[in-house]
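Participant: This is input.txt (compact mmCIF, C-alpha atoms).
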# COMPACT_ATOMS: atom_id res chain seq x y z
CA MET C 1 4.31 8.38 -17.53
CA GLN C 2 2.15 10.08 -14.96
CA TYR C 3 1.66 8.42 -11.60
CA PHE C 4 0.16 9.31 -8.22
CA ILE C 5 1.78 9.16 -4.79
CA PRO C 6 -0.36 9.30 -1.61
CA ASP C 7 0.10 12.31 0.66
CA LEU C 8 -0.31 10.54 4.00
CA ARG C 9 -0.98 11.44 7.60
CA LEU C 10 -0.94 8.98 10.47
CA THR C 11 -4.49 8.57 11.72
CA THR C 12 -3.30 9.74 15.15
CA GLN C 13 -2.68 13.16 13.53
CA LEU C 14 -6.23 13.43 12.17
CA PRO C 15 -9.79 13.73 13.45
CA MET C 16 -11.76 10.50 13.83
CA GLN C 17 -12.75 8.98 10.51
CA THR C 18 -16.45 9.50 9.74
CA SER C 19 -16.70 8.55 6.06
CA ILE C 20 -14.98 6.53 3.37
CA GLU C 21 -11.37 7.60 2.67
CA ASP C 22 -8.36 6.18 0.86
CA LYS C 23 -6.10 4.69 3.51
CA PHE C 24 -3.43 2.16 4.33
CA GLY C 25 -3.58 -0.15 7.35
CA GLY C 26 -5.95 0.09 10.30
CA ARG C 27 -9.38 -1.52 10.22
CA PRO C 28 -11.44 -1.36 7.04
CA TRP C 29 -14.08 1.33 6.78
CA GLY C 30 -17.51 0.20 5.59
CA LEU C 31 -16.68 -3.43 4.81
CA PRO C 32 -19.35 -5.86 6.09
CA ILE C 33 -17.62 -8.21 8.51
CA SER C 34 -18.91 -11.13 6.43
CA ARG C 35 -16.66 -9.88 3.61
CA TRP C 36 -13.51 -9.71 5.80
CA PRO C 37 -11.34 -12.36 4.08
CA LEU C 38 -9.98 -15.50 5.71
CA CYS C 39 -6.55 -16.98 5.00
CA THR C 40 -6.93 -20.39 3.36
CA ASN C 41 -3.51 -21.41 4.80
CA CYS C 42 -4.33 -20.94 8.51
CA GLY C 43 -8.07 -20.23 8.46
CA LYS C 44 -7.78 -16.89 10.28
CA HIS C 45 -8.76 -13.37 9.23
CA GLN C 46 -6.30 -11.37 7.16
CA SER C 47 -4.98 -7.86 7.91
CA LEU C 48 -5.98 -4.78 5.92
CA ILE C 49 -3.18 -3.43 3.74
CA ALA C 50 -5.10 -0.75 1.83
CA GLN C 51 -8.51 0.44 0.74
CA LEU C 52 -8.68 2.72 -2.29
CA GLN C 53 -11.64 4.40 -3.95
CA HIS C 54 -12.55 4.51 -7.63
CA ASP C 55 -11.11 7.45 -9.54
CA ALA C 56 -11.48 7.65 -13.30
CA VAL C 57 -7.85 8.76 -13.77
CA ARG C 58 -5.94 7.44 -10.75
CA LEU C 59 -7.63 4.07 -10.15
CA ASP C 60 -10.41 3.19 -12.57
CA LEU C 61 -12.67 0.60 -10.96
CA GLY C 62 -15.39 1.08 -13.55
CA ALA C 63 -18.02 2.89 -11.46
CA ASP C 64 -18.35 5.60 -8.83
CA GLY C 65 -18.53 4.39 -5.25
CA ARG C 66 -16.53 1.23 -5.77
CA VAL C 67 -13.65 0.53 -3.37
CA LEU C 68 -10.66 -1.77 -3.80
CA PHE C 69 -9.67 -3.68 -0.65
CA VAL C 70 -6.28 -5.35 -0.21
CA PHE C 71 -5.54 -7.78 2.64
CA GLN C 72 -2.84 -10.27 3.59
CA CYS C 73 -2.41 -12.77 6.43
CA ASP C 74 -0.03 -11.79 9.23
CA HIS C 75 -0.84 -14.51 11.77
CA ASN C 76 2.10 -16.71 10.75
CA PRO C 77 4.61 -14.54 8.84
CA GLY C 78 6.77 -16.71 6.62
CA GLU C 79 4.41 -19.69 6.93
CA CYS C 80 1.23 -18.41 5.33
CA GLU C 81 2.34 -17.61 1.77
CA SER C 82 1.15 -14.01 1.60
CA TRP C 83 3.69 -13.21 -1.14
CA ASP C 84 1.92 -15.50 -3.63
CA GLY C 85 -1.08 -14.02 -5.38
CA SER C 86 -2.73 -17.41 -5.79
CA SER C 87 -1.95 -18.89 -2.33
CA GLY C 88 -5.13 -17.77 -0.56
CA ALA C 89 -3.04 -15.96 2.07
CA ASN C 90 -3.93 -12.57 0.61
CA SER C 91 -7.00 -10.98 -0.99
CA CYS C 92 -7.64 -8.17 -3.46
CA PHE C 93 -11.24 -7.41 -4.40
CA VAL C 94 -13.69 -4.63 -5.31
CA VAL C 95 -16.84 -3.82 -3.33
CA GLU C 96 -19.76 -1.81 -4.69
CA GLY C 97 -20.53 1.46 -2.95
CA ASN C 98 -24.08 0.41 -2.04
CA GLU C 99 -22.72 -2.61 -0.15
CA LEU C 100 -20.55 -0.50 2.18
CA LEU C 101 -21.56 0.40 5.73
CA ASN C 102 -21.04 3.84 7.23
CA CYS C 103 -18.71 2.76 10.03
CA THR C 104 -15.41 1.09 10.82
CA THR C 105 -15.66 -2.69 10.57
CA GLU C 106 -15.71 -4.59 13.86
CA LEU C 107 -12.49 -6.49 14.62
CA PRO C 108 -12.91 -10.28 14.22
CA ASP C 109 -12.53 -12.49 17.29
CA ASP C 110 -9.20 -13.94 16.13
CA LYS C 111 -7.74 -10.42 16.22
CA PRO C 112 -5.72 -10.09 13.01
CA THR C 113 -2.77 -7.71 13.13
CA ILE C 114 -3.86 -4.08 12.78
CA GLU C 115 -1.22 -2.45 10.63
CA THR C 116 -0.16 1.16 11.23
CA GLU C 117 -2.97 3.30 9.88
CA ALA C 118 -2.30 6.24 7.56
CA ARG C 119 -5.00 8.11 5.66
CA VAL C 120 -4.59 9.84 2.31
CA ILE C 121 -5.27 13.57 2.44
CA GLY C 122 -4.40 14.06 -1.23
CA TRP C 123 -2.52 12.59 -4.16
CA LEU C 124 0.73 14.03 -5.53
CA ILE C 125 1.05 13.90 -9.31
CA LYS C 126 4.49 12.79 -10.51
CA GLU C 127 6.11 12.13 -13.88
CA ASP C 128 8.82 9.53 -14.51
CA GLY C 129 9.67 10.57 -18.09
CA ILE C 130 8.85 7.16 -19.57
CA ASP C 131 6.89 7.24 -22.83
CA GLU C 132 3.15 6.71 -22.29
CA LYS C 133 3.09 4.60 -25.47
CA ILE C 134 5.60 2.07 -24.18
CA ASP C 135 4.70 -1.53 -25.06
CA TYR C 136 3.94 -2.96 -21.60
CA GLU C 137 4.48 -6.60 -22.58
CA LEU C 138 7.82 -5.68 -24.12
CA TYR C 139 8.67 -3.69 -20.99
CA GLN C 140 7.93 -6.73 -18.83
CA ALA C 141 9.84 -9.17 -21.00
CA ASN C 142 12.92 -6.96 -21.25
CA TYR C 143 12.85 -5.28 -17.83
CA TYR C 144 16.45 -6.06 -16.87
CA ALA C 145 17.67 -5.20 -20.36
CA LEU C 146 16.20 -1.69 -20.21
CA PRO C 147 18.66 1.21 -20.12
CA ASP C 148 19.85 1.97 -16.60
CA GLU C 149 18.47 5.50 -16.75
CA MET C 150 14.98 4.19 -17.57
CA ARG C 151 14.89 1.70 -14.70
CA ALA C 152 16.31 4.37 -12.36
CA ALA C 153 13.42 6.68 -13.30
CA ILE C 154 10.80 4.16 -12.14
CA SER C 155 9.76 5.10 -8.60
CA GLU C 156 10.00 2.45 -5.88
CA ALA C 157 7.57 4.39 -3.66
CA THR C 158 3.94 3.48 -3.03
CA LYS C 159 2.05 4.73 -6.08
CA LEU C 160 -0.87 4.29 -8.43
CA GLY C 161 -0.26 4.24 -12.17
CA ALA C 162 2.77 4.06 -14.47
CA VAL C 163 4.77 0.80 -14.40
CA PRO C 164 6.04 -1.40 -11.56
CA LYS C 165 9.49 -1.19 -10.00
CA TRP C 166 10.32 -4.88 -9.75
CA GLU C 167 12.24 -6.21 -6.76
CA GLN C 168 12.74 -9.60 -8.39
CA ASN C 169 11.33 -11.30 -11.46
CA PRO C 170 8.79 -9.52 -13.69
CA GLU C 171 7.59 -12.97 -14.76
CA GLU C 172 5.74 -13.31 -11.43
CA ALA C 173 3.12 -10.86 -12.72
CA PRO C 174 -0.16 -12.56 -13.69
CA LEU C 175 -0.47 -13.54 -17.34
CA GLY C 176 -3.26 -12.70 -19.73
CA ASP C 177 -5.44 -9.59 -19.60
CA TRP C 178 -4.26 -8.39 -16.18
CA TYR C 179 -2.94 -4.84 -15.98
CA PHE C 180 -0.82 -3.09 -13.34
CA VAL C 181 -2.54 -0.40 -11.26
CA GLY C 182 -0.22 0.24 -8.31
CA GLN C 183 2.42 -0.83 -5.82
CA ILE C 184 2.96 -0.55 -2.05
CA ASN C 185 6.50 -0.15 -0.74
CA TYR C 186 7.84 -1.41 2.59
CA LEU C 187 8.40 2.20 3.67
CA MET C 188 5.40 4.42 4.39
CA ARG C 189 6.60 7.83 3.21
CA PHE C 190 5.35 11.20 4.50
CA TYR C 191 5.76 14.69 3.00
CA SER C 192 4.90 16.88 5.97
CA GLU C 193 7.41 18.09 8.54
CA LEU C 194 8.69 15.56 11.10
CA PRO C 195 6.08 15.65 13.90
CA GLN C 196 6.51 15.65 17.66
CA PRO C 197 5.98 12.41 19.63
CA ASP C 198 2.78 13.57 21.31
CA GLU C 199 1.33 14.37 17.89
CA VAL C 200 1.74 10.87 16.53
CA GLY C 201 1.74 8.63 19.60
CA CYS C 202 5.09 6.94 19.04
CA THR C 203 8.85 7.39 19.32
CA VAL C 204 10.32 9.96 16.93
CA GLU C 205 13.94 9.29 16.02
CA THR C 206 16.24 12.12 14.99
CA VAL C 207 19.93 12.08 14.11
CA VAL C 208 22.19 14.15 16.37
CA ASN C 209 25.97 14.16 15.78
CA ARG C 210 25.71 10.90 13.85
CA ARG C 211 23.95 9.22 16.74
CA ARG C 212 20.29 8.33 16.73
CA LYS C 213 18.33 10.07 19.43
CA SER C 214 14.89 8.81 20.40
CA LEU C 215 12.27 11.20 21.71
CA GLU C 216 9.88 9.19 23.87
CA PRO C 217 6.12 9.37 23.23
CA LYS C 218 3.74 11.02 25.64
CA TYR C 219 1.09 8.40 24.88
CA LEU C 220 0.75 5.21 22.86
CA ASP C 221 -1.88 4.42 20.27
CA PRO C 222 -2.17 0.95 18.72
CA ARG C 223 -2.80 2.53 15.32
CA ALA C 224 0.56 4.33 15.44
CA PRO C 225 3.93 2.85 14.37
CA HIS C 226 6.55 1.91 16.95
CA SER C 227 8.74 4.76 15.71
CA ILE C 228 9.20 7.19 12.84
CA SER C 229 12.46 8.48 11.38
CA PRO C 230 13.61 11.33 9.14
CA LEU C 231 14.09 10.58 5.44
CA ASN C 232 15.77 12.44 2.60
CA ASP C 233 14.14 10.97 -0.49
CA PRO C 234 15.00 12.86 -3.69
CA ASP C 235 12.76 10.51 -5.67
CA THR C 236 9.55 11.71 -4.03
CA GLY C 237 10.51 14.53 -1.64
CA ALA C 238 9.46 12.51 1.42
CA LYS C 239 10.68 13.92 4.76
CA TRP C 240 10.03 11.04 7.16
CA TYR C 241 8.89 7.44 7.20
CA CYS C 242 7.71 4.48 9.20
CA ASP C 243 7.59 0.81 8.32
CA ALA C 244 4.71 -0.45 6.21
CA PRO C 245 3.30 -4.02 6.45
CA ASN C 246 5.62 -7.01 6.29
CA PHE C 247 6.68 -7.62 2.70
CA GLY C 248 9.76 -9.66 3.58
CA ASP C 249 13.15 -7.93 3.50
CA CYS C 250 12.62 -4.41 2.07
CA GLY C 251 9.84 -5.65 -0.20
CA THR C 252 7.28 -4.16 -2.53
CA ALA C 253 3.72 -5.37 -3.13
CA TYR C 254 1.97 -5.15 -6.50
CA ILE C 255 -1.70 -4.73 -7.43
CA PHE C 256 -3.11 -5.92 -10.75
CA LEU C 257 -6.67 -5.79 -12.07
CA ARG C 258 -8.55 -7.30 -14.96
CA LYS C 259 -11.96 -6.38 -16.30
CA THR C 260 -14.87 -8.78 -15.99
CA GLU C 261 -18.53 -8.54 -16.97
CA HIS C 262 -19.53 -7.09 -13.60
CA GLN C 263 -16.56 -5.46 -11.83
CA PRO C 264 -12.75 -5.64 -11.92
CA GLU C 265 -11.04 -8.67 -10.39
CA GLY C 266 -7.93 -8.05 -8.27
CA TYR C 267 -4.57 -9.81 -7.86
CA PHE C 268 -2.01 -8.97 -5.17
CA PHE C 269 1.48 -10.32 -4.45
CA TRP C 270 4.84 -9.10 -3.21
CA GLN C 271 8.55 -9.52 -3.76
CA CYS C 272 11.48 -8.69 -1.51
CA GLY C 273 15.06 -7.64 -2.15
Represent the supplied structure as structure tokens.
Facilitator:
Amino acid sequence: MQYFIPDLRLTTQLPMQTSIEDKFGGRPWGLPISRWPLCTNCGKHQSLIAQLQHDAVRLDLGADGRVLFVFQCDHNPGECESWDGSSGANSCFVVEGNELLNCTTELPDDKPTIETEARVIGWLIKEDGIDEKIDYELYQANYYALPDEMRAAISEATKLGAVPKWEQNPEEAPLGDWYFVGQINYLMRFYSELPQPDEVGCTVETVVNRRRKSLEPKYLDPRAPHSISPLNDPDTGAKWYCDAPNFGDCGTAYIFLRKTEHQPEGYFFWQCG
């Protein structure tokens, strides 16, 4: 099956955002503040996890200009049930292009966590070797009975398309006419060369003689991670990483959609190892 992996850059490496882009973390671009979702557990605003544009092949939202927004609450980690797609502690919804503003959304007064922001400069096309005609319901029902080589071929990285790499029970996926469109891993992977601290605004960790050496930043930016580290990832070719949003212990989040009369409806949840 073909799938798509985001080629990311930390926003501190890029010029200021001036138009809609696929991205992870940060503040939403173009979302009216009235649409910024509240957590029904604690009543506070949720944190942006991702915003992704319609693409007929990569992420079909049914019409040009539409954007998928994914949020979860980070005010009370472990208390607000952000892992549960029906808890009200996360949100996954589509907004029409003509409803979007041409600016970054103002931060709400309760100051939700602003996750490390990385913008997508392109999408890498990958192939996992799994038959495109696989029966998805059968795949779900027999996930742990699949041959080891098949499950090993399923990427754990953040991706759009193909099939999910389950951390726990496939039965937690929504039932009915929902279909899988993507996943977000706890590691934010990058494919460029390991940058210098002053390029990214955070500590860069390198391994020297089996000891970890930290190179201190020349400046700090709240949109940057606390640190980044080298990574040798044969699955995707990633060269370095930073932590993504809190999905428990080494978790992965999953995005499902289903078609409705007007626009797709979203469902988001996560599992941890």
Participant: So that I can see what lies close to Asp235 (chain C), please list as a count of residues only the residues with an atom at most 12 Å from it, counting all atoms listed in the file and leaving out residues fewer than 4 positions away in the same chain.
Facilitator: 15
Participant: Taking into account all atoms listed in the file, which residue in the set C:Gly248, C:Asp243, C:Phe93, C:Asp198 is nearest to Gly78 (chain C)?
Facilitator: C:Gly248
Participant: Compile the contact shell of Gly88 (chain C) as a count of residues only: residues with an atom at most 7 Å away, counting only C-alpha atoms, same-chain residues fewer than 5 positions apart removed.
Facilitator: 3
Participant: In terms of the shortest atom-to-atom distance over all atoms listed in the file, which of C:Gln46, C:Thr104, C:Ser227, C:Thr113 is closest to Phe71 (chain C)?
Facilitator: C:Gln46
Participant: So, counting all atoms listed in the file, which residue among C:Ala162, C:Leu100, C:Val120, C:Ala173 is closest to Ser34 (chain C)?
Facilitator: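 Smallest distance to Ser34 (chain C) is found for C:Leu100.
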Participant: If we count only C-alpha atoms, what is near Trp123 (chain C) at a cut-off of 9 Å, once residues fewer than 5 positions away on the same chain are taken out, given as a JSON list (two decimals) with C-alpha atoms, in the coordinates of the input?
Facilitator:
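For reference, around-v1.json as written:
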[["chain", "number", "residue", "atom", "x", "y", "z"],
["C", 4, "PHE", "CA", 0.16, 9.31, -8.22],
["C", 5, "ILE", "CA", 1.78, 9.16, -4.79],
["C", 6, "PRO", "CA", -0.36, 9.30, -1.61],
["C", 7, "ASP", "CA", 0.10, 12.31, 0.66],
["C", 8, "LEU", "CA", -0.31, 10.54, 4.00]]
Participant: Ranking C:Phe256, C:Trp166, C:Phe180, C:Tyr267 by minimum distance to Tyr136 (chain C) and counting all atoms listed in the file, which one comes first?
Facilitator: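 Answer, going by the shortest atom-to-atom distance: C:Phe180.
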Participant: Compile the contact shell of Gln17 (chain C) as a PyMOL selection string: residues with an atom at most 9 Å away, counting only C-alpha atoms, same-chain residues fewer than 6 positions apart removed.
Facilitator: chain C and resi 11+29+103-104
Participant: Just the residues within 6 Å of region 257-259 of chain C, please, counting only C-alpha atoms, with nothing from its chain fewer than 5 positions along; format it as a PyMOL selection string.
Facilitator: chain C and resi 178-179+264-266
Participant: Which residue, C:Leu31, C:Ile134, C:Leu124, C:Leu175, has the smallest gap to Val163 (chain C) when you use only C-alpha atoms?
Facilitator: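 Among the listed residues, the smallest separation from Val163 (chain C) belongs to C:Ile134.
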Participant: Select, from C:Glu199, C:Glu261, C:Glu172, C:Asp135, the residue with the minimum atom-to-atom distance to Pro15 (chain C), counting only C-alpha atoms.
Facilitator: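 Among the listed residues, the smallest separation from Pro15 (chain C) belongs to C:Glu199.
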Participant: What does the distance between CA of Arg35 (chain C) and CA of Arg119 (chain C) come to in Å, to one decimal place?
Facilitator: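 These atoms are spaced 21.5 Å apart.
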Participant: Can you check which parts of region 41-119 of chain C lie within 12 Å of region 200-205 of chain C? Per residue, the shortest pair of atoms and distance in Å to one decimal, counting all atoms listed in the file, sorted by chain and number, as a Markdown table.
Facilitator:
| residue | atom | partner | partner_atom | distance |
| --- | --- | --- | --- | --- |
| C:Thr116 | CA | C:Cys202 | CA | 11.0 |
| C:Glu117 | CA | C:Val200 | CA | 11.1 |
| C:Ala118 | CA | C:Val200 | CA | 10.9 |
Participant: Within 10 Å of (-10.0, 2.6, -4.3), only C-alpha atoms: residues as a PyMOL selection string?
Facilitator: chain C and resi 20-23+50-55+58-61+64-70+94-95
Participant: Grab the residues selected above and save them as an mmCIF file, keeping the file's coordinate frame with C-alpha atoms.
Facilitator:
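Ended up saving to result01.cif:
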data_model
loop_
_atom_site.group_PDB
_atom_site.id
_atom_site.type_symbol
_atom_site.label_atom_id
_atom_site.label_comp_id
_atom_site.auth_asym_id
_atom_site.auth_seq_id
_atom_site.Cartn_x
_atom_site.Cartn_y
_atom_site.Cartn_z
ATOM 1 C CA ILE C 20 -14.980 6.530 3.370
ATOM 2 C CA GLU C 21 -11.370 7.600 2.670
ATOM 3 C CA ASP C 22 -8.360 6.180 0.860
ATOM 4 C CA LYS C 23 -6.100 4.690 3.510
ATOM 5 C CA ALA C 50 -5.100 -0.750 1.830
ATOM 6 C CA GLN C 51 -8.510 0.440 0.740
ATOM 7 C CA LEU C 52 -8.680 2.720 -2.290
ATOM 8 C CA GLN C 53 -11.640 4.400 -3.950
ATOM 9 C CA HIS C 54 -12.550 4.510 -7.630
ATOM 10 C CA ASP C 55 -11.110 7.450 -9.540
ATOM 11 C CA ARG C 58 -5.940 7.440 -10.750
ATOM 12 C CA LEU C 59 -7.630 4.070 -10.150
ATOM 13 C CA ASP C 60 -10.410 3.190 -12.570
ATOM 14 C CA LEU C 61 -12.670 0.600 -10.960
ATOM 15 C CA ASP C 64 -18.350 5.600 -8.830
ATOM 16 C CA GLY C 65 -18.530 4.390 -5.250
ATOM 17 C CA ARG C 66 -16.530 1.230 -5.770
ATOM 18 C CA VAL C 67 -13.650 0.530 -3.370
ATOM 19 C CA LEU C 68 -10.660 -1.770 -3.800
ATOM 20 C CA PHE C 69 -9.670 -3.680 -0.650
ATOM 21 C CA VAL C 70 -6.280 -5.350 -0.210
ATOM 22 C CA VAL C 94 -13.690 -4.630 -5.310
ATOM 23 C CA VAL C 95 -16.840 -3.820 -3.330
#
Participant: Rebuild region 69-80 of chain C so that it carries all heavy atoms, then output the result as an mmCIF file, in the coordinates of the input.
Facilitator:
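Saved as out22.cif:
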data_model
loop_
_atom_site.group_PDB
_atom_site.id
_atom_site.type_symbol
_atom_site.label_atom_id
_atom_site.label_comp_id
_atom_site.auth_asym_id
_atom_site.auth_seq_id
_atom_site.Cartn_x
_atom_site.Cartn_y
_atom_site.Cartn_z
ATOM 1 N N PHE C 69 -10.222 -3.260 -1.936
ATOM 2 C CA PHE C 69 -9.670 -3.680 -0.650
ATOM 3 C C PHE C 69 -8.527 -4.654 -0.888
ATOM 4 O O PHE C 69 -8.632 -5.565 -1.713
ATOM 5 C CB PHE C 69 -10.747 -4.365 0.200
ATOM 6 C CG PHE C 69 -11.789 -3.431 0.747
ATOM 7 C CD1 PHE C 69 -12.930 -3.142 0.009
ATOM 8 C CD2 PHE C 69 -11.639 -2.852 1.998
ATOM 9 C CE1 PHE C 69 -13.904 -2.282 0.511
ATOM 10 C CE2 PHE C 69 -12.594 -1.984 2.510
ATOM 11 C CZ PHE C 69 -13.732 -1.706 1.763
ATOM 12 N N VAL C 70 -7.440 -4.463 -0.131
ATOM 13 C CA VAL C 70 -6.280 -5.350 -0.210
ATOM 14 C C VAL C 70 -5.957 -5.850 1.199
ATOM 15 O O VAL C 70 -5.810 -5.043 2.131
ATOM 16 C CB VAL C 70 -5.055 -4.638 -0.804
ATOM 17 C CG1 VAL C 70 -3.856 -5.582 -0.855
ATOM 18 C CG2 VAL C 70 -5.361 -4.086 -2.192
ATOM 19 N N PHE C 71 -5.852 -7.151 1.359
ATOM 20 C CA PHE C 71 -5.540 -7.780 2.640
ATOM 21 C C PHE C 71 -4.410 -8.793 2.462
ATOM 22 O O PHE C 71 -4.191 -9.300 1.359
ATOM 23 C CB PHE C 71 -6.748 -8.562 3.180
ATOM 24 C CG PHE C 71 -7.898 -7.748 3.678
ATOM 25 C CD1 PHE C 71 -8.821 -7.202 2.797
ATOM 26 C CD2 PHE C 71 -8.088 -7.554 5.042
ATOM 27 C CE1 PHE C 71 -9.908 -6.471 3.257
ATOM 28 C CE2 PHE C 71 -9.173 -6.826 5.519
ATOM 29 C CZ PHE C 71 -10.083 -6.289 4.628
ATOM 30 N N GLN C 72 -3.716 -9.119 3.568
ATOM 31 C CA GLN C 72 -2.840 -10.270 3.590
ATOM 32 C C GLN C 72 -2.803 -10.844 5.013
ATOM 33 O O GLN C 72 -3.090 -10.135 5.978
ATOM 34 C CB GLN C 72 -1.416 -9.942 3.131
ATOM 35 C CG GLN C 72 -0.577 -9.134 4.100
ATOM 36 C CD GLN C 72 0.872 -9.022 3.653
ATOM 37 O OE1 GLN C 72 1.224 -9.311 2.531
ATOM 38 N NE2 GLN C 72 1.728 -8.581 4.551
ATOM 39 N N CYS C 73 -2.465 -12.119 5.126
ATOM 40 C CA CYS C 73 -2.410 -12.770 6.430
ATOM 41 C C CYS C 73 -1.106 -12.423 7.138
ATOM 42 O O CYS C 73 -0.031 -12.472 6.534
ATOM 43 C CB CYS C 73 -2.538 -14.276 6.288
ATOM 44 S SG CYS C 73 -2.598 -15.133 7.891
ATOM 45 N N ASP C 74 -1.225 -12.089 8.436
ATOM 46 C CA ASP C 74 -0.030 -11.790 9.230
ATOM 47 C C ASP C 74 -0.011 -12.620 10.515
ATOM 48 O O ASP C 74 0.729 -12.321 11.429
ATOM 49 C CB ASP C 74 0.008 -10.299 9.573
ATOM 50 C CG ASP C 74 1.362 -9.863 10.120
ATOM 51 O OD1 ASP C 74 2.378 -10.125 9.449
ATOM 52 O OD2 ASP C 74 1.405 -9.277 11.229
ATOM 53 N N HIS C 75 -0.820 -13.677 10.566
ATOM 54 C CA HIS C 75 -0.840 -14.510 11.770
ATOM 55 C C HIS C 75 0.414 -15.358 11.893
ATOM 56 O O HIS C 75 0.927 -15.576 12.991
ATOM 57 C CB HIS C 75 -2.078 -15.415 11.771
ATOM 58 C CG HIS C 75 -3.354 -14.700 12.057
ATOM 59 N ND1 HIS C 75 -3.737 -14.307 13.326
ATOM 60 C CD2 HIS C 75 -4.342 -14.279 11.221
ATOM 61 C CE1 HIS C 75 -4.914 -13.690 13.265
ATOM 62 N NE2 HIS C 75 -5.290 -13.661 12.004
ATOM 63 N N ASN C 76 0.918 -15.846 10.760
ATOM 64 C CA ASN C 76 2.100 -16.710 10.750
ATOM 65 C C ASN C 76 3.072 -16.238 9.678
ATOM 66 O O ASN C 76 3.240 -16.902 8.643
ATOM 67 C CB ASN C 76 1.706 -18.171 10.480
ATOM 68 C CG ASN C 76 0.736 -18.710 11.505
ATOM 69 O OD1 ASN C 76 1.064 -18.797 12.684
ATOM 70 N ND2 ASN C 76 -0.465 -19.065 11.059
ATOM 71 N N PRO C 77 3.709 -15.068 9.879
ATOM 72 C CA PRO C 77 4.610 -14.540 8.840
ATOM 73 C C PRO C 77 5.662 -15.564 8.439
ATOM 74 O O PRO C 77 6.328 -16.173 9.282
ATOM 75 C CB PRO C 77 5.246 -13.325 9.522
ATOM 76 C CG PRO C 77 4.248 -12.910 10.553
ATOM 77 C CD PRO C 77 3.651 -14.193 11.062
ATOM 78 N N GLY C 78 5.811 -15.753 7.140
ATOM 79 C CA GLY C 78 6.770 -16.710 6.620
ATOM 80 C C GLY C 78 6.206 -18.104 6.454
ATOM 81 O O GLY C 78 6.822 -18.940 5.774
ATOM 82 N N GLU C 79 5.057 -18.383 7.077
ATOM 83 C CA GLU C 79 4.410 -19.690 6.930
ATOM 84 C C GLU C 79 3.215 -19.600 5.995
ATOM 85 O O GLU C 79 3.109 -20.352 5.037
ATOM 86 C CB GLU C 79 4.007 -20.230 8.297
ATOM 87 C CG GLU C 79 5.197 -20.521 9.221
ATOM 88 C CD GLU C 79 4.773 -21.090 10.556
ATOM 89 O OE1 GLU C 79 3.681 -21.694 10.634
ATOM 90 O OE2 GLU C 79 5.531 -20.932 11.539
ATOM 91 N N CYS C 80 2.301 -18.682 6.280
ATOM 92 C CA CYS C 80 1.230 -18.410 5.330
ATOM 93 C C CYS C 80 1.829 -17.634 4.163
ATOM 94 O O CYS C 80 2.482 -16.605 4.368
ATOM 95 C CB CYS C 80 0.111 -17.622 6.001
ATOM 96 S SG CYS C 80 -0.695 -18.536 7.338
#
